[in-house]
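S.K.: Structure in structure tokens, see below.
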Amino acid sequence: MAYETVVVEQFDGVSKITLNRPDRLNALSFQLLDELQQALRAAAEDEGCRCVLVTGAGRGFSSGADLMDAAQGLKPGQRPDLGAPLEDRYHPVLRQIRDMAKPVIAAINGTAAGAGLNIALACDIVVAARSAKLIQAFSNIGLVPDAGGTWSIPRLIGRARALRWMMSGEPLLAEQALDWGLLTGVYDDAALAKEADDLARSMAARPTLALAAIKQLVDRSLDHDLEAQLALEASTQTRVGFSDDAWEGIMAFVQKRPAQFQGR
């Protein structure tokens, strides 16, 4: 499919989606969000895709929402409904990421702000360039964090840090974000692209069904008591235990050879 605001590359079982409005620091226009949703859906439906990698073109990941879109068609003095595009365009993207039955990696290659950052933080694994800045500046313009930020961030770093960061509007540098637990890796700027590609390749080579099940188990655990989680673990283990990948993994272990997973 032809896209104008995202670039999709495929290699070694990886679908790499690059936000591609570098002249606007990959601000999230309605078109970009629609195309990102389409690209994510295509990756989800592609049996050859076993891992998704999302990054940005140019000097940053995304500066956040393109407010010019929200202002289109308004009469003088009319104020836009900023919640409507969240439901229509942002939330479908977030659901695509969270429901994806394969790992989704975000590589933050520079500034990531607002809704752009929160889309990255919705991904399963988030890495960044050493110069990256993570910005929750909604309060600076009288707004609240959106695009899932108030759900994901407290779960990643706790209530106290989440409130301080969101209320202050202060940028967070990559090393501090790593220390807090928002990121799982920080790399020199020149090395980020290769490190992210290699990480995606390594995930694509792993047992996809098991990775998807791990993702579901971890997400569900946040709302379960122990007994509910134990029951879900057992039923999930039964399901994945019948997969070809589980049999291959067990046989490879017994035969002392590398496993060759096929994602089924």
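Every chain in the structure tokens takes a letter, A first, then B, and so on in the order presented; its residues are numbered from 1, and the ligands are numbered from 1 following the presented order.
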Hey, what's within 7 Å of region 48-50 of chain A if we count only C-alpha atoms and toss same-chain stuff fewer than 2 positions away? As a VMD selection string, please?
M.R.: chain A and resid 13 to 15 43 46 102 204 208
S.K.: May I have the residues within 10 Å of region 218-232 of chain A as a list in words, using only C-alpha atoms and disregarding those fewer than 6 positions away in the same chain?
M.R.: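 Here the qualifying residues turn out to be Arg98, Arg155 and Thr238 of chain A.
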S.K.: Can I get the selected residues back with N, CA, C and O atoms, as a JSON list (two decimals), in the first residue's frame?
M.R.:
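Result saved to result32.json:
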```json
[["chain", "number", "residue", "atom", "x", "y", "z"],
["A", 98, "ARG", "N", -1.51, -2.20, 21.39],
["A", 98, "ARG", "CA", -1.69, -3.03, 22.58],
["A", 98, "ARG", "C", -2.23, -4.41, 22.23],
["A", 98, "ARG", "O", -1.90, -5.40, 22.89],
["A", 155, "ARG", "N", 1.88, 3.31, 35.46],
["A", 155, "ARG", "CA", 2.21, 1.89, 35.56],
["A", 155, "ARG", "C", 3.70, 1.63, 35.36],
["A", 155, "ARG", "O", 4.24, 0.65, 35.88],
["A", 238, "THR", "N", -1.45, -24.07, 28.70],
["A", 238, "THR", "CA", -2.07, -25.17, 27.97],
["A", 238, "THR", "C", -2.15, -24.84, 26.49],
["A", 238, "THR", "O", -1.81, -25.66, 25.62]]
```
S.K.: Counting only C-alpha atoms, figure out which residue out of A:Phe253, A:Trp165, A:Phe61, A:Trp247 gets nearest to Asn109 (chain A).
M.R.: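 Looking at the shortest contact to Asn109 (chain A), the residue is A:Phe61.
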S.K.: Looking only at strand (DSSP E) from DSSP on the backbone, list the matching residues of region 45-113 of chain A as a list of chain:residue names.
M.R.: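 Answer for region 45-113 of chain A, restricted to strand (DSSP E): A:Cys51, A:Val52, A:Leu53, A:Val54, A:Thr55, A:Gly56, A:Gly60, A:Phe61, A:Ser62, A:Val104, A:Ile105, A:Ala106, A:Ala107, A:Ile108, A:Thr111, A:Ala112, A:Ala113.
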S.K.: Next, dump the selected residues to file, keeping only C-alpha atoms, as an mmCIF file, in the first residue's frame.
M.R.:
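selection_8.cif, freshly written:
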```cif
data_model
loop_
_atom_site.group_PDB
_atom_site.id
_atom_site.type_symbol
_atom_site.label_atom_id
_atom_site.label_comp_id
_atom_site.auth_asym_id
_atom_site.auth_seq_id
_atom_site.Cartn_x
_atom_site.Cartn_y
_atom_site.Cartn_z
ATOM 1 C CA CYS A 51 7.846 -8.034 15.088
ATOM 2 C CA VAL A 52 6.954 -4.371 14.521
ATOM 3 C CA LEU A 53 9.418 -1.503 14.932
ATOM 4 C CA VAL A 54 8.208 2.113 15.051
ATOM 5 C CA THR A 55 10.563 5.093 14.764
ATOM 6 C CA GLY A 56 10.716 8.600 13.322
ATOM 7 C CA GLY A 60 13.032 13.293 16.262
ATOM 8 C CA PHE A 61 10.361 10.705 16.907
ATOM 9 C CA SER A 62 7.346 13.020 17.056
ATOM 10 C CA VAL A 104 6.037 -3.838 19.096
ATOM 11 C CA ILE A 105 9.250 -1.876 19.638
ATOM 12 C CA ALA A 106 9.571 1.917 19.651
ATOM 13 C CA ALA A 107 12.923 3.540 18.874
ATOM 14 C CA ILE A 108 12.877 7.180 20.016
ATOM 15 C CA THR A 111 12.482 14.512 20.741
ATOM 16 C CA ALA A 112 9.288 12.664 21.620
ATOM 17 C CA ALA A 113 6.557 14.879 22.992
#
```
S.K.: So what do you get for CA of Val240 (chain A) versus CA of Ala213 (chain A), distance-wise?
M.R.: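 That distance, rounded to one decimal, is 7.9 Å.
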S.K.: Which polymer residues have any atom within 9 Å of an atom of Ile97 (chain A), counting only C-alpha atoms, with same-chain residues fewer than 5 positions away left out, as an MDAnalysis selection string?
M.R.: chainID A and resid 40 92 103:104 119 122:124
S.K.: Determine, counting only C-alpha atoms, which protein, DNA and RNA residues have an atom within 9 Å of an atom of Leu32 (chain A); residues of the same chain fewer than 3 positions away are not included. Present the result as JSON, numbers by chain.
M.R.: {"A": [3, 4, 5, 6, 19, 20, 21, 26, 27, 28, 29, 35, 36, 37]}
S.K.: What gap, in Å, lies between CA of Trp151 (chain A) and CA of Leu178 (chain A)?
M.R.: 18.7 Å
S.K.: Pick out the closest residue to Pro145 (chain A) from this set: A:Met167, A:Ala191, A:Pro80, A:Phe11. Count only C-alpha atoms.
M.R.: A:Met167
S.K.: I'd like the neighbourhood of Leu86 (chain A) as an MDAnalysis selection string, where a residue qualifies if any of its atoms comes within 12 Å (using only C-alpha atoms), though same-chain residues fewer than 4 positions away should be ignored.
M.R.: chainID A and resid 28:30 33 65 70 81:82 90:95 115 119 145:148
S.K.: Skip Val8 (chain A) itself and residues of its chain fewer than 5 positions away, then list as a short mmCIF file (atom, residue, chain, number, x, y, z; two decimals) with C-alpha atoms, in the first residue's frame all residues within 7 Å of it, counting only C-alpha atoms.
M.R.:
```cif
data_model
loop_
_atom_site.label_atom_id
_atom_site.label_comp_id
_atom_site.auth_asym_id
_atom_site.auth_seq_id
_atom_site.Cartn_x
_atom_site.Cartn_y
_atom_site.Cartn_z
CA SER A 15 7.85 -4.56 9.73
CA LYS A 16 9.55 -1.21 10.34
CA ILE A 17 7.19 1.77 10.34
CA THR A 18 8.82 5.20 10.19
#
```
S.K.: Under the rule that only C-alpha atoms are counted, which of A:Gly149, A:Gly110, A:Pro171, A:Gly116 is the nearest residue to Ala190 (chain A)?
M.R.: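 Smallest separation from Ala190 (chain A) among the options: A:Gly110.
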S.K.: Just checking: using only C-alpha atoms, which residue out of A:Ile135, A:Ile157, A:Ala44, A:Val254 ends up closest to Gly181 (chain A)?
M.R.: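 Among the listed residues, A:Ile157 lies closest to Gly181 (chain A).
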S.K.: In Å, with one decimal, what is the gap from CA of Gln262 (chain A) to CA of Glu248 (chain A)?
M.R.: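 Spanning CA of Gln262 (chain A) to CA of Glu248 (chain A) is a straight-line distance of 9.1 Å.
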